[in-house]
>>> print(open('final17.cif').read())   # mmCIF, C-alpha atoms and all ligand atoms
data_query
loop_
_atom_site.label_atom_id
_atom_site.label_comp_id
_atom_site.auth_asym_id
_atom_site.auth_seq_id
_atom_site.Cartn_x
_atom_site.Cartn_y
_atom_site.Cartn_z
CA MET I 10 -68.87 -16.65 26.22
CA ALA I 11 -68.59 -19.91 24.31
CA LEU I 12 -66.77 -18.98 21.15
CA GLN I 13 -68.99 -19.13 18.11
CA VAL I 14 -66.91 -19.12 14.94
CA ASP I 15 -67.48 -18.80 11.19
CA VAL I 16 -69.97 -16.03 11.76
CA LEU I 17 -70.38 -12.31 11.22
CA VAL I 18 -71.86 -10.70 14.30
CA ASN I 19 -73.84 -7.48 13.81
CA ARG I 20 -72.52 -5.75 16.91
CA ASP I 21 -70.22 -3.04 18.25
CA CYS I 22 -66.85 -4.80 18.27
CA LEU I 23 -65.88 -3.46 21.67
CA ALA I 24 -68.93 -5.03 23.29
CA GLY I 25 -68.47 -8.24 21.30
CA LEU I 26 -64.77 -8.56 22.01
CA LYS I 27 -65.32 -8.13 25.75
CA GLU I 28 -67.34 -11.32 25.79
CA LEU I 29 -64.64 -13.43 24.16
CA ASN I 30 -62.24 -15.52 26.20
CA SER I 31 -58.64 -14.40 26.36
CA GLY I 32 -56.13 -16.12 24.10
CA ALA I 33 -58.60 -17.50 21.55
CA VAL I 34 -57.55 -15.86 18.29
CA ASP I 35 -54.59 -16.69 16.05
CA LEU I 36 -54.69 -13.69 13.72
CA ALA I 37 -56.56 -10.40 13.94
CA PHE I 38 -56.82 -7.98 11.03
CA ALA I 39 -58.39 -4.59 11.74
CA ASP I 40 -59.21 -1.87 9.23
CA PRO I 41 -61.03 0.57 11.52
CA PRO I 42 -62.58 3.88 10.55
CA PHE I 43 -59.62 6.28 10.07
CA ASN I 44 -61.43 9.29 11.65
CA ILE I 45 -61.27 11.22 8.41
CA GLY I 46 -64.97 11.94 7.96
CA TYR I 47 -65.73 8.97 5.74
CA GLU I 48 -69.44 8.38 5.19
CA TYR I 49 -70.46 5.05 6.72
CA ASP I 50 -74.11 4.22 7.14
CA ALA I 51 -74.08 3.54 10.91
CA TYR I 52 -70.85 5.12 12.20
CA ASP I 53 -69.85 8.79 12.47
CA ASP I 54 -66.21 9.02 11.37
CA ARG I 55 -65.64 12.50 12.83
CA LEU I 56 -64.68 12.04 16.46
CA GLU I 57 -62.70 14.56 18.44
CA SER I 58 -59.09 13.38 18.30
CA GLU I 59 -58.71 12.42 21.98
CA LYS I 60 -62.01 10.56 21.90
CA TYR I 61 -60.96 8.62 18.80
CA LEU I 62 -57.64 7.65 20.36
CA ASN I 63 -59.29 6.58 23.61
CA TRP I 64 -61.72 4.44 21.66
CA CYS I 65 -58.81 2.91 19.74
CA ARG I 66 -57.01 2.26 23.02
CA ARG I 67 -60.00 0.27 24.27
CA TRP I 68 -60.72 -1.85 21.20
CA THR I 69 -57.03 -2.55 20.44
CA GLY I 70 -56.61 -3.58 24.08
CA GLU I 71 -59.42 -6.08 23.68
CA VAL I 72 -57.95 -7.41 20.42
CA VAL I 73 -54.61 -7.96 22.12
CA ARG I 74 -56.31 -9.69 25.06
CA VAL I 75 -58.16 -12.18 22.83
CA LEU I 76 -55.01 -13.01 20.82
CA LYS I 77 -53.14 -16.19 21.63
CA PRO I 78 -49.62 -15.74 23.08
CA THR I 79 -48.38 -16.65 19.59
CA GLY I 80 -50.94 -14.40 17.93
CA THR I 81 -50.53 -11.75 15.26
CA PHE I 82 -52.28 -8.41 14.86
CA TRP I 83 -52.34 -6.49 11.56
CA LEU I 84 -53.63 -2.93 11.72
CA ALA I 85 -54.51 -0.89 8.63
CA ILE I 86 -54.48 2.85 9.29
CA GLY I 87 -54.14 6.17 7.47
CA ASP I 88 -51.49 8.86 7.90
CA GLU I 89 -53.54 10.83 10.42
CA TYR I 90 -53.22 8.36 13.32
CA ALA I 91 -50.51 5.94 12.15
CA ALA I 92 -47.86 7.33 14.49
CA GLU I 93 -50.09 7.44 17.57
CA LEU I 94 -51.49 3.95 17.04
CA LYS I 95 -48.11 2.36 16.36
CA ILE I 96 -46.76 3.78 19.62
CA MET I 97 -49.94 2.76 21.44
CA LEU I 98 -49.63 -0.85 20.24
CA GLN I 99 -45.96 -1.07 21.13
CA GLN I 100 -45.72 0.91 24.36
CA GLU I 101 -49.13 0.34 25.96
CA HIS I 102 -50.08 -3.08 24.59
CA LYS I 103 -46.48 -4.41 24.46
CA LEU I 104 -46.67 -5.72 20.91
CA THR I 105 -43.61 -6.03 18.68
CA CYS I 106 -43.74 -4.51 15.21
CA ARG I 107 -42.27 -6.96 12.66
CA SER I 108 -42.96 -4.85 9.58
CA TRP I 109 -44.34 -1.44 8.76
CA VAL I 110 -45.79 -2.22 5.36
CA VAL I 111 -46.83 0.57 3.04
CA TRP I 112 -49.70 -0.42 0.82
CA TYR I 113 -49.45 1.67 -2.33
CA TYR I 114 -52.67 1.63 -4.33
CA THR I 115 -54.08 3.06 -7.49
CA PHE I 116 -57.69 4.18 -8.00
CA GLY I 117 -57.67 6.33 -4.87
CA VAL I 118 -59.80 9.46 -4.57
CA ASN I 119 -58.43 12.27 -6.74
CA CYS I 120 -57.67 15.45 -4.75
CA LYS I 121 -57.61 18.92 -6.30
CA ALA I 122 -55.70 20.90 -3.65
CA LYS I 123 -53.31 18.36 -2.15
CA PHE I 124 -51.43 15.25 -3.21
CA SER I 125 -53.94 12.47 -3.76
CA ARG I 126 -53.92 9.74 -1.16
CA SER I 127 -52.38 6.58 -2.63
CA HIS I 128 -51.18 4.60 0.38
CA ALA I 129 -52.20 3.21 3.74
CA HIS I 130 -50.08 1.82 6.55
CA LEU I 131 -50.22 -1.84 7.53
CA PHE I 132 -48.59 -2.65 10.85
CA HIS I 133 -47.61 -6.28 11.34
CA MET I 134 -47.51 -6.78 15.11
CA VAL I 135 -46.91 -9.89 17.19
CA LYS I 136 -47.33 -10.63 20.88
CA ASP I 137 -44.15 -12.65 21.18
CA PRO I 138 -41.23 -11.65 18.95
CA LYS I 139 -39.88 -15.19 19.15
CA ARG I 140 -43.07 -17.23 18.63
CA PHE I 141 -45.43 -16.39 15.78
CA THR I 142 -46.62 -17.81 12.45
CA PHE I 143 -44.87 -16.55 9.33
CA ASP I 144 -45.25 -18.99 6.46
CA THR I 145 -42.89 -17.58 3.86
CA LEU I 146 -43.49 -20.37 1.35
CA SER I 147 -47.17 -19.50 0.94
CA ILE I 148 -46.64 -15.89 -0.12
CA ARG I 149 -43.68 -15.90 -2.49
CA VAL I 150 -43.89 -13.75 -5.59
CA PRO I 151 -42.02 -13.98 -8.89
CA SER I 152 -38.70 -12.19 -8.71
CA ALA I 153 -37.47 -9.50 -11.09
CA ARG I 154 -34.83 -12.00 -12.18
CA GLN I 155 -37.62 -14.27 -13.33
CA LEU I 156 -40.05 -11.70 -14.72
CA VAL I 157 -37.92 -8.90 -16.04
CA TYR I 158 -34.49 -10.29 -16.76
CA GLY I 159 -35.30 -13.91 -17.64
CA ASP I 160 -32.24 -14.86 -15.58
CA GLY I 161 -31.63 -18.60 -15.57
CA ARG I 162 -30.11 -18.34 -12.08
CA ALA I 163 -33.42 -17.10 -10.63
CA ASN I 164 -34.87 -19.13 -7.80
CA PRO I 165 -37.87 -20.85 -9.46
CA THR I 166 -39.93 -20.47 -6.27
CA GLY I 167 -39.64 -16.66 -6.46
CA ARG I 168 -38.99 -14.44 -3.48
CA LEU I 169 -40.66 -12.93 -0.42
CA PRO I 170 -42.58 -9.71 -1.13
CA ASP I 171 -41.09 -6.41 0.01
CA ASP I 172 -42.82 -4.45 2.75
CA THR I 173 -44.12 -1.83 0.35
CA TRP I 174 -46.99 -3.50 -1.45
CA ILE I 175 -47.52 -2.41 -5.03
CA LEU I 176 -50.43 -3.38 -7.21
CA ARG I 177 -49.64 -1.66 -10.50
CA PRO I 178 -45.85 -1.87 -10.85
CA GLN I 179 -46.28 -1.55 -14.60
CA ASP I 180 -46.91 2.17 -13.97
CA LEU I 181 -43.55 2.53 -12.23
CA PRO I 182 -40.89 1.05 -14.49
CA GLY I 183 -38.06 2.63 -12.47
CA GLY I 184 -39.55 2.32 -9.02
CA PHE I 185 -40.37 -0.34 -6.44
CA GLN I 186 -37.44 -2.61 -7.19
CA PRO I 187 -37.24 -6.04 -5.54
CA HIS I 188 -35.05 -4.83 -2.69
CA GLU I 189 -37.52 -2.08 -1.72
CA ASP I 190 -40.25 -2.17 0.87
CA THR I 191 -43.60 -1.09 -0.64
CA TRP I 192 -46.48 -3.36 -1.62
CA TYR I 193 -48.64 -2.60 -4.60
CA PHE I 194 -52.32 -3.63 -4.90
CA PRO I 195 -55.05 -1.48 -6.54
CA ARG I 196 -58.00 -0.42 -4.49
CA VAL I 197 -61.15 -2.29 -5.50
CA CYS I 198 -62.58 0.36 -7.82
CA GLY I 199 -66.00 0.54 -9.42
CA THR I 200 -65.15 -1.29 -12.62
CA PHE I 201 -63.52 -4.28 -10.92
CA LYS I 202 -65.33 -7.58 -11.15
CA GLU I 203 -64.37 -8.12 -7.50
CA ARG I 204 -66.26 -5.03 -6.36
CA THR I 205 -69.28 -5.75 -4.16
CA GLY I 206 -70.64 -2.27 -4.95
CA TRP I 207 -72.12 -1.42 -1.54
CA HIS I 208 -69.08 -0.63 0.61
CA GLY I 209 -66.64 2.15 -0.26
CA CYS I 210 -63.73 0.72 1.76
CA GLN I 211 -63.67 -2.79 0.33
CA MET I 212 -60.10 -4.12 0.48
CA PRO I 213 -58.66 -6.36 -2.26
CA GLU I 214 -58.84 -10.07 -1.55
CA GLN I 215 -55.23 -10.53 -2.67
CA LEU I 216 -53.98 -8.17 0.04
CA LEU I 217 -55.80 -10.12 2.74
CA GLY I 218 -54.66 -13.33 1.07
CA ARG I 219 -51.01 -12.45 1.62
CA ILE I 220 -51.61 -11.61 5.28
CA ILE I 221 -53.78 -14.60 6.11
CA ARG I 222 -51.56 -17.10 4.29
CA ALA I 223 -48.40 -15.78 5.92
CA CYS I 224 -49.68 -15.31 9.46
CA SER I 225 -52.12 -18.16 10.07
CA ARG I 226 -52.54 -21.81 9.25
CA GLU I 227 -55.50 -23.79 7.97
CA GLY I 228 -58.05 -24.41 10.70
CA GLU I 229 -56.88 -21.44 12.82
CA LEU I 230 -59.09 -18.52 13.83
CA VAL I 231 -59.00 -15.15 12.06
CA LEU I 232 -60.74 -12.16 13.67
CA ASP I 233 -61.87 -8.92 12.00
CA PRO I 234 -63.47 -6.43 14.42
CA PHE I 235 -64.47 -4.07 11.55
CA ALA I 236 -65.74 -6.42 8.88
CA GLY I 237 -67.04 -3.79 6.44
CA SER I 238 -67.74 -5.60 3.18
CA GLY I 239 -66.42 -8.84 4.71
CA THR I 240 -63.18 -9.21 2.75
CA THR I 241 -61.15 -10.64 5.64
CA LEU I 242 -63.85 -13.16 6.46
CA ALA I 243 -64.35 -14.11 2.81
CA VAL I 244 -60.63 -14.71 2.30
CA ALA I 245 -60.31 -16.61 5.58
CA LYS I 246 -63.15 -18.89 4.50
CA LYS I 247 -61.65 -19.45 1.04
CA LEU I 248 -58.29 -20.32 2.63
CA GLY I 249 -59.77 -22.82 5.09
CA ARG I 250 -59.44 -20.72 8.25
CA HIS I 251 -62.15 -20.23 10.87
CA PHE I 252 -63.31 -16.65 11.09
CA LEU I 253 -65.17 -14.26 13.35
CA GLY I 254 -66.21 -10.75 12.39
CA PHE I 255 -68.01 -7.83 13.99
CA GLU I 256 -69.78 -5.11 12.04
CA LEU I 257 -71.84 -2.25 13.45
CA SER I 258 -74.09 -1.70 10.44
CA PRO I 259 -77.09 -4.03 10.10
CA GLU I 260 -77.17 -3.35 6.36
CA TYR I 261 -73.49 -4.20 5.79
CA SER I 262 -73.82 -7.24 8.08
CA ALA I 263 -76.69 -8.68 6.07
CA ARG I 264 -74.71 -8.24 2.86
CA VAL I 265 -71.56 -9.78 4.35
CA ARG I 266 -73.57 -12.84 5.30
CA GLN I 267 -74.80 -13.11 1.72
CA ARG I 268 -71.21 -12.76 0.45
CA LEU I 269 -70.00 -15.49 2.80
CA ALA I 270 -72.85 -17.83 1.87
CA ARG I 271 -71.70 -17.80 -1.76
CA ILE I 272 -68.15 -18.89 -0.83
CA GLN I 273 -66.75 -22.38 -0.41
CA PRO I 274 -63.40 -23.21 1.19
CA GLY I 275 -60.88 -23.65 -1.64
CA ASP I 276 -62.48 -21.04 -3.91
CA PRO I 277 -59.88 -18.87 -5.65
CA LEU I 278 -59.32 -15.36 -4.39
CA ASP I 279 -60.61 -12.53 -6.56
CA GLY I 280 -58.08 -10.38 -8.38
CA ALA I 281 -54.66 -11.25 -9.75
CA ALA I 282 -52.30 -13.03 -7.38
CA GLU I 283 -49.33 -11.16 -8.82
CA PRO I 284 -50.05 -7.65 -10.11
CA LEU I 285 -47.21 -7.70 -12.58
CA VAL I 286 -48.60 -10.65 -14.48
CA SER I 287 -52.05 -9.04 -14.55
CA ALA I 288 -50.74 -6.04 -16.48
CA PRO I 289 -51.94 -5.64 -20.04
CA ASN I 290 -49.24 -6.84 -22.35
CA THR I 291 -48.76 -3.60 -24.23
CA ALA I 292 -45.62 -4.73 -26.01
CA ASN I 293 -47.27 -7.19 -28.33
CA GLY I 294 -50.71 -7.97 -26.95
CA ARG I 295 -49.84 -11.60 -26.29
CA ARG I 296 -51.93 -13.59 -23.88
CA LEU I 297 -50.24 -13.90 -20.52
CA GLU I 298 -49.13 -17.19 -19.09
CA GLU I 299 -51.47 -19.08 -16.85
CA ALA I 300 -50.88 -18.00 -13.25
CA SER I 301 -51.68 -20.00 -10.20
CA GLU I 302 -52.68 -18.72 -6.79
CA PRO I 303 -50.73 -20.19 -3.92
CA GLY I 304 -52.84 -21.96 -1.35
CA THR I 305 -55.99 -22.34 -3.44
CA ARG I 306 -57.17 -25.37 -5.34
CA LYS I 307 -58.26 -23.74 -8.57
CA ARG I 308 -56.20 -22.09 -11.26
CA ARG I 309 -57.25 -19.19 -13.39
CA ARG I 310 -56.13 -17.83 -16.71
CA LEU I 311 -55.16 -14.19 -16.79
CA SER I 312 -55.53 -12.31 -20.00
CA ASN I 313 -55.78 -8.71 -21.11
CA ALA I 314 -59.54 -9.01 -20.60
CA SER I 315 -59.05 -9.43 -16.84
CA GLN I 316 -57.40 -6.03 -16.51
CA PRO I 317 -59.70 -3.37 -15.04
CA THR I 318 -60.09 -0.14 -16.93
CA LEU I 319 -59.18 3.20 -15.38
CA PRO I 320 -62.12 5.23 -14.15
CA GLY I 321 -62.29 8.81 -15.36
CA LEU I 322 -60.71 10.35 -12.25
C1 LIG V 401 -62.85 0.73 6.88
S1 LIG V 401 -64.31 -0.19 7.01
C2 LIG V 401 -63.71 -1.86 6.88
C3 LIG V 401 -63.58 -2.32 5.44
C4 LIG V 401 -63.14 -3.74 5.31
N1 LIG V 401 -61.73 -3.91 5.62
C5 LIG V 401 -63.43 -4.29 3.91
O1 LIG V 401 -62.50 -4.77 3.25
O2 LIG V 401 -64.55 -4.19 3.49
C6 LIG V 401 -64.73 -0.03 8.69
C7 LIG V 401 -66.04 -0.68 9.08
O3 LIG V 401 -66.14 -0.66 10.50
C8 LIG V 401 -67.51 -0.54 10.84
N2 LIG V 401 -67.55 -0.08 12.24
C9 LIG V 401 -67.39 1.18 12.73
N3 LIG V 401 -67.43 1.18 14.06
C10 LIG V 401 -67.61 -0.10 14.45
C11 LIG V 401 -67.71 -0.74 15.72
N4 LIG V 401 -67.65 -0.05 16.87
N5 LIG V 401 -67.86 -2.09 15.74
C12 LIG V 401 -67.95 -2.79 14.60
N6 LIG V 401 -67.86 -2.24 13.37
C13 LIG V 401 -67.68 -0.91 13.30
C14 LIG V 401 -68.06 0.43 9.81
O4 LIG V 401 -69.48 0.31 9.68
C15 LIG V 401 -67.30 0.00 8.54
O5 LIG V 401 -68.05 -0.91 7.79
#
>>> encode(input="final17.cif", output="structure tokens")
Amino acid sequence: MALQVDVLVNRDCLAGLKELNSGAVDLAFADPPFNIGYEYDAYDDRLESEKYLNWCRRWTGEVVRVLKPTGTFWLAIGDEYAAELKIMLQQEHKLTCRSWVVWYYTFGVNCKAKFSRSHAHLFHMVKDPKRFTFDTLSIRVPSARQLVYGDGRANPTGRLPDDTWILRPQDLPGGFQPHEDTWYFPRVCGTFKERTGWHGCQMPEQLLGRIIRACSREGELVLDPFAGSGTTLAVAKKLGRHFLGFELSPEYSARVRQRLARIQPGDPLDGAAEPLVSAPNTANGRRLEEASEPGTRKRRRLSNASQPTLPGL
């Protein structure tokens, strides 16, 4: 099929992927249903385990086929199938895992009889361990030397993020130090300005921003087989990448198209680029310094008013 890009296709991704030529995609990001009984409008997230894994085997195989030899595949997955899918990608599809990122988030669903879920796994996989895009300059974050210690010896360009991604480090004064490997970003909860309000699994734009900036270049093609609320496509468009998404639900697809139509390349990403500087300044209530987002044209001022409030969970 001639490759049509910069579109969201309302279609089963497996059928859609099969029609794409091999080696066409630079970066794929997939956040599939986790098979945990989540309520989607057009997909039943309660498959028998073997059936779910066989389905994953087929769609991941297609994603790998459509990737360029230098392509990158990021997979978001929950605890339930993380181990199986990581082994599947490495042993069956011959990908190399560069990082096993833990995304730690706040505003997860509160559980009464078990520890509440506050993380997901993000596997950073490449086809060729020697040839891939990893633009470290585009994703640097302020270092603790800069932010916490005011150390004059700090590298003014900051540092590479760890592989544990944290979005509210202000809650963890003793944890998630710069040498650790967890990323912190809050889930997009109901009170967030960023929230589209019609998809329960909406990912934060800043999380996709880090992945797309690091692992693709302007003008390259980003694929999301499970578009959901369209975050990957929206961020790809803002960052000047071509994009292609599949989404099973006609309702979600229509809304994603509306979301994309409101975006122009160069628009700033929603949310704070660096969670630490988005924290309320509880010490003295001072306004925070202006923060810039790498890779976008516009700058935004962060203040206490930009901080979301905690829902009553
Ligand atoms: C976890 S959500 C993705 C959320 C997305 N990352 C975001 O930020 O909004 C998974 C999505 O996959 C869609 N989906 C399920 N099966 C699909 C299939 N076979 N092909 C395409 N989309 C599918 C669901 O309707 C749901 O919207």
>>> residues_near_ligand(input="final17.cif", ligand="ligand LIG 401 (chain V)", cutoff="6 Å", atoms="only C-alpha atoms and all ligand atoms", output="MDAnalysis selection string")
chainID I and resid 20:22 40:42 49 51:52 210:212 234:240 255:258
>>> closest_atom_pairs(input="final17.cif", of="stretch 20-131 of chain I", to="stretch 155-175 of chain I", cutoff="8 Å", atoms="all atoms listed in the file", output="Markdown table")
| residue | atom | partner | partner_atom | distance |
| --- | --- | --- | --- | --- |
| I:Ser108 | CA | I:Asp172 | CA | 6.8 |
| I:Trp109 | CA | I:Asp172 | CA | 6.9 |
| I:Val110 | CA | I:Asp172 | CA | 4.5 |
| I:Val111 | CA | I:Thr173 | CA | 4.5 |
| I:Trp112 | CA | I:Trp174 | CA | 4.7 |
| I:Tyr113 | CA | I:Ile175 | CA | 5.3 |
| I:Tyr114 | CA | I:Ile175 | CA | 6.6 |
>>> residues_near_point(input="final17.cif", point="(-47.9, 2.6, 22.2)", cutoff="12 Å", atoms="only C-alpha atoms", output="PyMOL selection string")
chain I and resi 62+65-66+69-70+90-106+134
>>> closest_residue(input="final17.cif", among="I:Ala39, I:Ala153, I:Lys60, I:Val197", to="I:His130", atoms="only C-alpha atoms")
I:Ala39
>>> closest_residue(input="final17.cif", among="I:Val16, I:Val75, I:Ala129, I:Ile220", to="I:Thr142", atoms="all atoms listed in the file")
I:Ile220
>>> residues_around(input="final17.cif", residues="I:Phe38", least_positions_apart="3", cutoff="10 Å", atoms="only C-alpha atoms", output="NGL selection string")
:I and (41 or 72 or 81-85 or 131-133 or 217 or 220-221 or 231-236 or 241-242 or 254)
>>> atom_distance(input="final17.cif", atom1="atom CA of I:Lys136", atom2="atom CA of I:Arg226")
17.0 Å
>>> closest_residue(input="final17.cif", among="I:Arg222, I:Lys121, I:Arg67, I:Arg140", to="I:Arg250", atoms="only C-alpha atoms")
I:Arg222
>>> atom_distance(input="final17.cif", atom1="atom CA of I:Thr145", atom2="atom CA of I:Pro274")
21.4 Å
>>> closest_residue(input="final17.cif", among="I:Asp88, I:Glu71, I:Glu260, I:Asp137", to="I:Ser31", atoms="only C-alpha atoms")
I:Glu71
>>> closest_residue(input="final17.cif", among="I:Ala243, I:Leu216, I:Val118, I:Ile86", to="I:Arg268", atoms="all atoms listed in the file")
I:Ala243
>>> atom_distance(input="final17.cif", atom1="atom CA of I:Glu203", atom2="atom CA of I:Leu278")
9.4 Å
>>> closest_residue(input="final17.cif", among="I:Arg74, I:Glu57, I:Gly117, I:Ala122", to="I:Asn30", atoms="all atoms listed in the file")
I:Arg74
>>> decode(input="final17.cif", residues="stretch 111-180 of chain I", atoms="C-alpha atoms", output="PDB file, in the first residue's frame")
ATOM      1  CA  VAL I 111      10.135   2.319  34.806  1.00  0.00           C
ATOM      2  CA  TRP I 112       7.592   5.080  34.535  1.00  0.00           C
ATOM      3  CA  TYR I 113       6.574   6.012  38.061  1.00  0.00           C
ATOM      4  CA  TYR I 114       3.370   8.036  38.127  1.00  0.00           C
ATOM      5  CA  THR I 115       1.095   9.679  40.602  1.00  0.00           C
ATOM      6  CA  PHE I 116      -2.700   9.923  40.302  1.00  0.00           C
ATOM      7  CA  GLY I 117      -3.082   6.194  39.653  1.00  0.00           C
ATOM      8  CA  VAL I 118      -6.194   4.280  40.688  1.00  0.00           C
ATOM      9  CA  ASN I 119      -6.340   3.831  44.463  1.00  0.00           C
ATOM     10  CA  CYS I 120      -6.601   0.154  45.514  1.00  0.00           C
ATOM     11  CA  LYS I 121      -8.113  -0.967  48.813  1.00  0.00           C
ATOM     12  CA  ALA I 122      -6.770  -4.534  49.089  1.00  0.00           C
ATOM     13  CA  LYS I 123      -3.396  -4.378  47.354  1.00  0.00           C
ATOM     14  CA  PHE I 124      -0.627  -1.874  46.734  1.00  0.00           C
ATOM     15  CA  SER I 125      -1.907   0.764  44.335  1.00  0.00           C
ATOM     16  CA  ARG I 126      -0.465   0.612  40.858  1.00  0.00           C
ATOM     17  CA  SER I 127       1.960   3.508  40.343  1.00  0.00           C
ATOM     18  CA  HIS I 128       4.236   2.376  37.532  1.00  0.00           C
ATOM     19  CA  ALA I 129       4.316   0.958  34.029  1.00  0.00           C
ATOM     20  CA  HIS I 130       7.187  -0.557  32.078  1.00  0.00           C
ATOM     21  CA  LEU I 131       8.617   1.128  28.997  1.00  0.00           C
ATOM     22  CA  PHE I 132      10.883  -1.078  26.908  1.00  0.00           C
ATOM     23  CA  HIS I 133      13.250   0.769  24.586  1.00  0.00           C
ATOM     24  CA  MET I 134      14.064  -1.713  21.827  1.00  0.00           C
ATOM     25  CA  VAL I 135      16.106  -1.322  18.651  1.00  0.00           C
ATOM     26  CA  LYS I 136      16.532  -3.497  15.589  1.00  0.00           C
ATOM     27  CA  ASP I 137      20.253  -2.930  15.277  1.00  0.00           C
ATOM     28  CA  PRO I 138      22.217  -2.399  18.505  1.00  0.00           C
ATOM     29  CA  LYS I 139      24.842  -0.467  16.576  1.00  0.00           C
ATOM     30  CA  ARG I 140      22.659   1.767  14.383  1.00  0.00           C
ATOM     31  CA  PHE I 141      19.780   3.722  15.913  1.00  0.00           C
ATOM     32  CA  THR I 142      18.783   7.299  16.725  1.00  0.00           C
ATOM     33  CA  PHE I 143      19.450   8.502  20.258  1.00  0.00           C
ATOM     34  CA  ASP I 144      19.650  12.283  20.410  1.00  0.00           C
ATOM     35  CA  THR I 145      20.882  12.905  23.930  1.00  0.00           C
ATOM     36  CA  LEU I 146      21.073  16.680  23.539  1.00  0.00           C
ATOM     37  CA  SER I 147      17.322  17.013  22.984  1.00  0.00           C
ATOM     38  CA  ILE I 148      16.253  15.362  26.229  1.00  0.00           C
ATOM     39  CA  ARG I 149      18.618  16.638  28.904  1.00  0.00           C
ATOM     40  CA  VAL I 150      17.162  17.569  32.262  1.00  0.00           C
ATOM     41  CA  PRO I 151      18.489  19.857  34.991  1.00  0.00           C
ATOM     42  CA  SER I 152      20.845  18.010  37.301  1.00  0.00           C
ATOM     43  CA  ALA I 153      20.583  17.815  41.082  1.00  0.00           C
ATOM     44  CA  ARG I 154      23.812  19.821  41.171  1.00  0.00           C
ATOM     45  CA  GLN I 155      21.987  22.612  39.390  1.00  0.00           C
ATOM     46  CA  LEU I 156      18.580  22.357  41.052  1.00  0.00           C
ATOM     47  CA  VAL I 157      19.251  21.163  44.558  1.00  0.00           C
ATOM     48  CA  TYR I 158      22.814  22.039  45.417  1.00  0.00           C
ATOM     49  CA  GLY I 159      23.361  25.183  43.335  1.00  0.00           C
ATOM     50  CA  ASP I 160      26.803  23.777  42.523  1.00  0.00           C
ATOM     51  CA  GLY I 161      28.814  26.109  40.307  1.00  0.00           C
ATOM     52  CA  ARG I 162      30.581  23.109  38.761  1.00  0.00           C
ATOM     53  CA  ALA I 163      27.287  21.767  37.362  1.00  0.00           C
ATOM     54  CA  ASN I 164      27.153  21.234  33.623  1.00  0.00           C
ATOM     55  CA  PRO I 165      24.852  24.079  32.463  1.00  0.00           C
ATOM     56  CA  THR I 166      23.280  21.803  29.833  1.00  0.00           C
ATOM     57  CA  GLY I 167      22.044  19.416  32.549  1.00  0.00           C
ATOM     58  CA  ARG I 168      22.188  15.651  32.276  1.00  0.00           C
ATOM     59  CA  LEU I 169      20.505  12.673  30.622  1.00  0.00           C
ATOM     60  CA  PRO I 170      17.410  11.418  32.460  1.00  0.00           C
ATOM     61  CA  ASP I 171      17.654   8.175  34.419  1.00  0.00           C
ATOM     62  CA  ASP I 172      15.701   5.158  33.242  1.00  0.00           C
ATOM     63  CA  THR I 173      13.158   5.439  36.035  1.00  0.00           C
ATOM     64  CA  TRP I 174      10.945   8.326  35.045  1.00  0.00           C
ATOM     65  CA  ILE I 175       9.533  10.349  37.907  1.00  0.00           C
ATOM     66  CA  LEU I 176       6.954  13.076  37.606  1.00  0.00           C
ATOM     67  CA  ARG I 177       6.539  14.259  41.191  1.00  0.00           C
ATOM     68  CA  PRO I 178      10.029  14.030  42.720  1.00  0.00           C
ATOM     69  CA  GLN I 179       8.990  16.672  45.233  1.00  0.00           C
ATOM     70  CA  ASP I 180       7.060  13.882  47.006  1.00  0.00           C
TER      71      ASP I 180
END
